[in-house]
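Structure data follow from protein24.txt (compact mmCIF, C-alpha atoms):
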# COMPACT_ATOMS: atom_id res chain seq x y z
CA MET X 18 -6.11 0.46 20.44
CA GLN X 19 -5.10 2.18 23.66
CA THR X 20 -4.66 5.93 24.05
CA ALA X 21 -2.04 8.05 25.82
CA THR X 22 -2.05 11.82 25.88
CA ALA X 23 1.08 13.65 24.71
CA PRO X 24 2.21 16.87 26.43
CA ASP X 25 0.62 18.96 23.66
CA GLY X 26 -2.69 17.09 23.99
CA LEU X 27 -2.29 14.79 20.97
CA ALA X 28 -3.91 11.39 21.50
CA ILE X 29 -1.20 8.78 20.84
CA GLN X 30 -2.79 5.52 19.73
CA TYR X 31 -0.98 2.28 20.47
CA LEU X 32 -1.48 -1.47 20.51
CA ARG X 33 -0.91 -3.58 23.62
CA GLN X 34 -0.38 -7.28 23.02
CA GLY X 35 1.16 -10.21 24.90
CA GLY X 36 2.27 -10.89 28.43
CA GLY X 37 5.35 -10.47 30.60
CA PRO X 38 7.73 -7.51 30.91
CA ARG X 39 6.89 -4.50 28.76
CA MET X 40 8.57 -3.78 25.43
CA LEU X 41 8.00 -0.55 23.49
CA LEU X 42 8.51 -0.83 19.71
CA LEU X 43 9.14 2.39 17.77
CA GLN X 44 8.98 2.24 13.97
CA GLY X 45 10.77 4.15 11.27
CA LEU X 46 9.80 7.00 8.98
CA GLY X 47 6.24 6.91 7.66
CA ALA X 48 5.44 3.48 9.15
CA THR X 49 2.58 2.59 11.48
CA ALA X 50 2.41 -0.02 14.24
CA ALA X 51 1.42 -2.55 11.58
CA ALA X 52 5.03 -2.64 10.34
CA TRP X 53 5.93 -4.59 13.50
CA THR X 54 3.25 -7.24 12.97
CA VAL X 55 5.51 -10.16 12.03
CA ASN X 56 7.80 -9.45 14.98
CA VAL X 57 5.04 -9.02 17.53
CA VAL X 58 3.79 -12.52 16.75
CA GLN X 59 7.00 -13.82 18.37
CA LEU X 60 7.85 -11.06 20.83
CA ALA X 61 4.39 -11.06 22.42
CA ARG X 62 5.01 -14.60 23.66
CA ARG X 63 7.50 -13.16 26.17
CA PHE X 64 6.67 -9.47 26.45
CA ILE X 65 3.78 -7.07 26.63
CA CYS X 66 4.40 -5.32 23.32
CA LEU X 67 3.43 -1.64 23.25
CA VAL X 68 3.34 -0.54 19.63
CA PRO X 69 2.33 3.04 18.78
CA ASP X 70 1.27 4.79 15.65
CA GLN X 71 3.74 7.61 16.18
CA ARG X 72 2.96 11.26 15.63
CA GLY X 73 2.28 11.74 11.91
CA VAL X 74 0.93 8.33 10.97
CA GLY X 75 -2.02 5.98 11.36
CA ALA X 76 -4.67 6.35 14.03
CA THR X 77 -2.63 8.96 15.92
CA GLY X 78 -2.95 11.39 13.04
CA ALA X 79 -0.77 14.19 11.78
CA PRO X 80 -0.90 17.51 13.63
CA PRO X 81 0.87 20.42 11.96
CA GLY X 82 4.65 19.98 11.87
CA PRO X 83 7.53 20.09 11.82
CA TYR X 84 8.17 17.43 14.46
CA SER X 85 11.32 16.64 16.42
CA THR X 86 12.64 13.40 17.85
CA THR X 87 12.54 15.02 21.29
CA GLN X 88 8.84 15.76 20.85
CA MET X 89 8.21 12.22 19.63
CA ALA X 90 10.17 10.85 22.61
CA LEU X 91 7.80 12.69 24.94
CA ASP X 92 4.91 11.08 23.04
CA ALA X 93 6.49 7.70 23.81
CA ALA X 94 7.02 8.71 27.44
CA ALA X 95 3.29 9.36 27.73
CA ILE X 96 2.68 5.71 26.86
CA LEU X 97 5.18 4.49 29.44
CA ASP X 98 3.86 6.87 32.08
CA ALA X 99 0.56 5.03 31.65
CA GLU X 100 1.98 1.51 31.28
CA GLY X 101 5.27 1.49 33.20
CA ALA X 102 8.95 1.27 32.30
CA ALA X 103 9.83 -0.91 29.31
CA HIS X 104 12.56 -2.36 27.18
CA VAL X 105 12.68 0.04 24.22
CA VAL X 106 13.38 -1.05 20.65
CA GLY X 107 13.71 1.63 17.97
CA LEU X 108 14.18 1.10 14.24
CA SER X 109 15.76 3.82 12.08
CA MET X 110 13.90 7.05 12.99
CA GLY X 111 12.39 5.08 15.86
CA GLY X 112 15.92 4.49 17.14
CA ALA X 113 16.55 8.24 17.13
CA VAL X 114 13.33 8.72 19.12
CA ALA X 115 14.44 5.95 21.50
CA GLN X 116 17.74 7.74 22.14
CA GLU X 117 15.89 10.92 23.09
CA LEU X 118 13.58 8.94 25.36
CA ALA X 119 16.55 7.36 27.14
CA LEU X 120 18.08 10.82 27.58
CA ALA X 121 14.94 12.66 28.70
CA ARG X 122 13.30 9.95 30.83
CA PRO X 123 15.93 7.34 31.75
CA GLU X 124 13.76 5.86 34.48
CA LEU X 125 11.32 4.62 31.83
CA VAL X 126 13.93 2.69 29.81
CA ARG X 127 14.95 -0.75 31.12
CA SER X 128 17.08 -1.47 28.09
CA LEU X 129 17.65 0.07 24.68
CA THR X 130 17.95 -1.63 21.30
CA LEU X 131 18.83 0.66 18.39
CA VAL X 132 18.30 -0.92 14.98
CA SER X 133 19.43 0.56 11.64
CA SER X 134 19.70 3.88 13.43
CA PHE X 135 21.96 6.90 13.82
CA ALA X 136 23.01 9.67 16.18
CA ARG X 137 22.97 12.11 13.28
CA ALA X 138 21.92 11.35 9.71
CA ASP X 139 24.76 11.64 7.21
CA PRO X 140 24.61 14.32 4.45
CA ARG X 141 23.36 11.90 1.77
CA ALA X 142 20.54 10.64 4.00
CA ILE X 143 19.60 14.21 4.89
CA ALA X 144 19.46 15.19 1.20
CA LEU X 145 17.29 12.18 0.43
CA THR X 146 14.98 12.76 3.40
CA ARG X 147 14.62 16.42 2.52
CA ALA X 148 13.49 15.47 -1.01
CA TRP X 149 11.08 12.72 0.00
CA PRO X 150 8.01 14.83 0.90
CA ASP X 151 8.17 16.70 -2.41
CA LEU X 152 8.57 13.41 -4.27
CA TYR X 153 5.61 11.96 -2.34
CA GLU X 154 3.49 14.93 -3.35
CA ALA X 155 4.61 15.04 -6.99
CA ALA X 156 4.78 11.33 -7.85
CA GLY X 157 2.12 9.98 -5.51
CA PRO X 158 2.39 7.37 -2.75
CA GLU X 159 2.82 4.28 -4.93
CA LEU X 160 5.83 5.55 -6.90
CA PHE X 161 7.25 7.04 -3.72
CA PHE X 162 7.20 3.69 -1.94
CA ARG X 163 8.62 1.86 -4.95
CA GLN X 164 11.73 4.03 -4.91
CA ALA X 165 11.95 4.17 -1.11
CA TYR X 166 11.98 0.39 -0.81
CA ALA X 167 15.06 0.24 -3.02
CA TRP X 168 16.88 1.86 -0.08
CA LEU X 169 15.39 -0.46 2.55
CA PHE X 170 15.56 -3.98 1.15
CA SER X 171 18.21 -6.32 -0.25
CA PRO X 172 18.54 -7.32 -3.92
CA LYS X 173 17.28 -10.77 -2.90
CA PHE X 174 14.00 -9.22 -1.74
CA PHE X 175 13.36 -7.97 -5.30
CA GLU X 176 14.04 -11.34 -6.92
CA ARG X 177 10.44 -12.27 -6.14
CA PRO X 178 8.17 -9.54 -7.57
CA GLY X 179 5.45 -10.62 -5.17
CA ASN X 180 7.51 -9.36 -2.23
CA LEU X 181 7.50 -5.80 -3.53
CA GLU X 182 3.84 -5.86 -4.55
CA THR X 183 2.80 -7.14 -1.14
CA ALA X 184 4.88 -4.48 0.59
CA ILE X 185 3.38 -1.76 -1.62
CA THR X 186 -0.15 -2.99 -0.87
CA TYR X 187 0.42 -2.72 2.88
CA ALA X 188 2.20 0.63 2.56
CA LEU X 189 -0.66 2.14 0.57
CA ARG X 190 -3.19 0.87 3.08
CA ASP X 191 -1.36 2.63 5.92
CA ARG X 192 0.20 5.48 3.94
CA PRO X 193 0.96 8.71 5.81
CA THR X 194 -0.53 12.03 4.92
CA LEU X 195 1.81 14.51 3.26
CA GLU X 196 1.71 16.62 6.44
CA GLY X 197 2.70 13.64 8.55
CA LEU X 198 5.54 12.64 6.24
CA ARG X 199 6.87 16.20 6.19
CA GLY X 200 6.74 16.35 9.96
CA GLN X 201 8.60 13.08 10.44
CA CYS X 202 11.19 13.93 7.79
CA ALA X 203 11.92 17.14 9.68
CA ALA X 204 12.45 15.08 12.84
CA VAL X 205 14.99 12.87 11.08
CA ILE X 206 16.85 15.80 9.57
CA GLY X 207 16.96 17.70 12.86
CA HIS X 208 18.04 14.81 15.08
CA ASP X 209 21.54 15.03 16.55
CA SER X 210 22.36 13.18 19.76
CA SER X 211 26.04 12.72 18.93
CA ALA X 212 27.32 15.02 21.69
CA ARG X 213 24.99 13.46 24.28
CA LEU X 214 25.44 9.73 23.70
CA GLY X 215 27.68 9.46 26.75
CA GLU X 216 24.68 10.39 28.92
CA ILE X 217 22.68 7.28 27.94
CA MET X 218 22.82 4.90 30.87
CA ALA X 219 20.41 2.17 29.74
CA PRO X 220 21.96 -1.19 28.76
CA THR X 221 22.22 -0.69 25.02
CA LEU X 222 22.47 -2.94 22.00
CA VAL X 223 23.14 -1.48 18.55
CA MET X 224 22.02 -3.80 15.72
CA HIS X 225 22.82 -2.95 12.11
CA GLY X 226 23.12 -4.49 8.68
CA VAL X 227 26.60 -4.15 7.20
CA ARG X 228 25.06 -3.55 3.76
CA ASP X 229 22.54 -0.95 4.88
CA LEU X 230 22.22 1.56 2.02
CA LEU X 231 20.15 4.19 3.81
CA THR X 232 22.09 4.34 7.08
CA PRO X 233 25.72 3.29 6.65
CA ILE X 234 27.28 0.85 9.10
CA GLU X 235 29.56 3.66 10.29
CA SER X 236 26.52 5.24 11.93
CA ALA X 237 26.01 2.14 14.06
CA ARG X 238 29.66 1.96 15.00
CA ALA X 239 29.56 5.61 16.10
CA LEU X 240 26.47 4.91 18.22
CA ALA X 241 28.05 1.92 19.90
CA ALA X 242 31.31 3.79 20.52
CA GLY X 243 29.51 6.77 22.04
CA ILE X 244 27.11 5.00 24.41
CA PRO X 245 28.77 3.68 27.57
CA GLY X 246 28.92 -0.11 27.59
CA ALA X 247 26.94 -0.49 24.36
CA GLN X 248 27.22 -3.74 22.43
CA LEU X 249 27.35 -3.79 18.63
CA HIS X 250 25.71 -6.61 16.69
CA GLU X 251 26.50 -6.42 12.98
CA ILE X 252 24.57 -8.58 10.51
CA ALA X 253 26.89 -9.32 7.60
CA GLY X 254 24.26 -9.65 4.87
CA GLY X 255 21.76 -7.26 6.42
CA TYR X 256 20.20 -4.21 4.83
CA HIS X 257 18.01 -1.56 6.48
CA ALA X 258 14.78 -3.49 7.11
CA LEU X 259 16.36 -6.02 9.47
CA ASN X 260 13.16 -6.76 11.36
CA LEU X 261 11.56 -8.02 8.14
CA GLU X 262 14.37 -9.59 6.14
CA CYS X 263 16.22 -11.08 9.12
CA GLN X 264 13.19 -11.80 11.29
CA ALA X 265 14.44 -14.85 13.18
CA GLN X 266 17.82 -13.34 14.01
CA PHE X 267 16.30 -9.96 14.81
CA ASN X 268 13.77 -11.43 17.24
CA ARG X 269 16.35 -13.68 18.88
CA VAL X 270 18.82 -10.84 19.45
CA VAL X 271 16.14 -8.44 20.74
CA ILE X 272 14.82 -11.02 23.20
CA ALA X 273 18.28 -12.01 24.41
CA HIS X 274 19.32 -8.40 25.04
CA ALA X 275 16.16 -7.54 26.97
CA GLU X 276 16.36 -10.68 29.09
CA ARG X 277 20.08 -10.16 29.78
CA ALA X 278 19.43 -6.56 30.83
CA ALA X 279 16.59 -7.67 33.11
CA SER X 280 18.83 -10.20 34.87
CA GLU X 281 21.65 -7.77 35.60

Could you rewrite the structure in this file as structure tokens?
Amino acid sequence: MQTATAPDGLAIQYLRQGGGPRMLLLQGLGATAAAWTVNVVQLARRFICLVPDQRGVGATGAPPGPYSTTQMALDAAAILDAEGAAHVVGLSMGGAVAQELALARPELVRSLTLVSSFARADPRAIALTRAWPDLYEAAGPELFFRQAYAWLFSPKFFERPGNLETAITYALRDRPTLEGLRGQCAAVIGHDSSARLGEIMAPTLVMHGVRDLLTPIESARALAAGIPGAQLHEIAGGYHALNLECQAQFNRVVIAHAERAASE
């Protein structure tokens, strides 16, 4: 793994893989760089994929929280200060971080793809996110992930029990510490870019599953309406984990947006 130094001195660990223009991939709550593995296999054929363990998870570690999406955006900026400007793809919480990066350091963002994301979490999502660290502590990681995945995946995903068991195995291998989960949950709860979306100048694509249970489709429509020139790509049968359940379509749309932005 590579290392970039955040403004507060934290060593941000990230993977660099592939060749071509740079693409920064920012994951969602509690997930490490490994959650992008199936996508990087394809994306790295066209891009240098920069994939961090964000503040709170994996090799980067979990300094005392709470965290904010602005703070995590500056972590991401440290990577791009070392590597160069990139196409930025953010999933869920990662999309909130990507928004703050585009606002704080626009020169580092060649294009922006916001997936299953939000300008401000709705009250139900905030209530759920506020409860998650206590549930993680009381029930333990395995039960926590079993209930969390009910929010992320489609009913079809659960038709094959092996899907869930495989996902749980990987989640437990890379599980966050309680401190890291609390810190990232605070970042989600505190994020609100809704009054500043009009300041995002990067070519932006908003991709969202119409059936997303965790982040309603209305959140995506508000993002697309608020960001100048943003395009909205709705996936009719999609749930929250689009990069996993809709891999081929996800990769194709991400690649097309980045290449279109690069040609303009």

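If only C-alpha atoms are the atoms counted, then among X:Leu181, X:Ala52, X:Ala61, X:Ala188 the closest residue to Ile272 in chain X is X:Ala61.
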
Quick one: contact table of range 155-266 of chain X to range 119-125 of chain X, 7 Å max, nearest atom pair and distance in Å to one decimal per residue, counting only C-alpha atoms, chain and number order, as a Markdown table?
| residue | atom | partner | partner_atom | distance |
| --- | --- | --- | --- | --- |
| X:Glu216 | CA | X:Leu120 | CA | 6.7 |
| X:Ile217 | CA | X:Leu120 | CA | 5.8 |
| X:Ala219 | CA | X:Ala119 | CA | 7.0 |

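Near range 141-157 of chain X, within a cut-off of 10 Å and counting only C-alpha atoms, sit the residues Leu46, Arg137, Ala138, Leu160, Phe161, Phe162, Gln164, Ala165, Pro193, Thr194, Leu195, Glu196, Gly197, Leu198, Arg199, Gly200, Gln201, Cys202, Ala203, Val205, Ile206, Gly207, Leu230, Leu231, Thr232 and Pro233 of chain X, with same-chain residues fewer than 3 positions away left out.
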
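For Lys173 in chain X, the set of protein, DNA and RNA residues having any atom at most 12 Å away, when counting only C-alpha atoms and skipping those fewer than 4 positions along the same chain, is X:Ala167, X:Leu169, X:Arg177, X:Pro178, X:Asn180, X:Leu181, X:Gly254, X:Gly255, X:Tyr256, X:Glu262.
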
Take the selection from the previous step and output its residues with C-alpha atoms, as a short mmCIF file (atom, residue, chain, number, x, y, z; two decimals), in the frame of the given file.
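After the write, out.cif holds the following:
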data_model
loop_
_atom_site.label_atom_id
_atom_site.label_comp_id
_atom_site.auth_asym_id
_atom_site.auth_seq_id
_atom_site.Cartn_x
_atom_site.Cartn_y
_atom_site.Cartn_z
CA ALA X 167 15.06 0.24 -3.02
CA LEU X 169 15.39 -0.46 2.55
CA ARG X 177 10.44 -12.27 -6.14
CA PRO X 178 8.17 -9.54 -7.57
CA ASN X 180 7.51 -9.36 -2.23
CA LEU X 181 7.50 -5.80 -3.53
CA GLY X 254 24.26 -9.65 4.87
CA GLY X 255 21.76 -7.26 6.42
CA TYR X 256 20.20 -4.21 4.83
CA GLU X 262 14.37 -9.59 6.14
#

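Proximity ranking of X:His257, X:Arg228, X:His274, X:Arg62 relative to Gly45 in chain X places X:His257 first, based on all atoms listed in the file.
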
What separates CA of Ala103 in chain X and CA of Ala76 in chain X is a distance of 22.3 Å

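Of the listed residues (X:Ala79, X:Val114, X:Ala50, X:Ala21), X:Val114 comes nearest to His208 in chain X; the distances count all atoms listed in the file.
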
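Across X:Gly47, X:Ala90, X:Glu100, X:Leu259, the tightest approach to Leu32 in chain X is made by X:Glu100 when counting all atoms listed in the file.
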
Got a sec: who's within 10 Å of range 209-215 of chain X, counting only C-alpha atoms, leaving out chain neighbours fewer than 5 positions off, as a ChimeraX atom specification?
/X:86,113,116-117,119-120,135-138,204,239-246

Taking only C-alpha atoms into account, which of X:Leu60, X:Ile252, X:Val126, X:Ala51 comes nearest Asp98 in chain X?
X:Val126

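Taking CA of Asp191 in chain X and CA of Gly75 in chain X as the two end points, the separation is 6.4 Å.
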
Within 6 Å of (16.6, 0.0, 17.6), in the coordinates the file gives, what residues turn up when you count only C-alpha atoms, written out as a ChimeraX atom specification?
/X:106-108,112,130-132
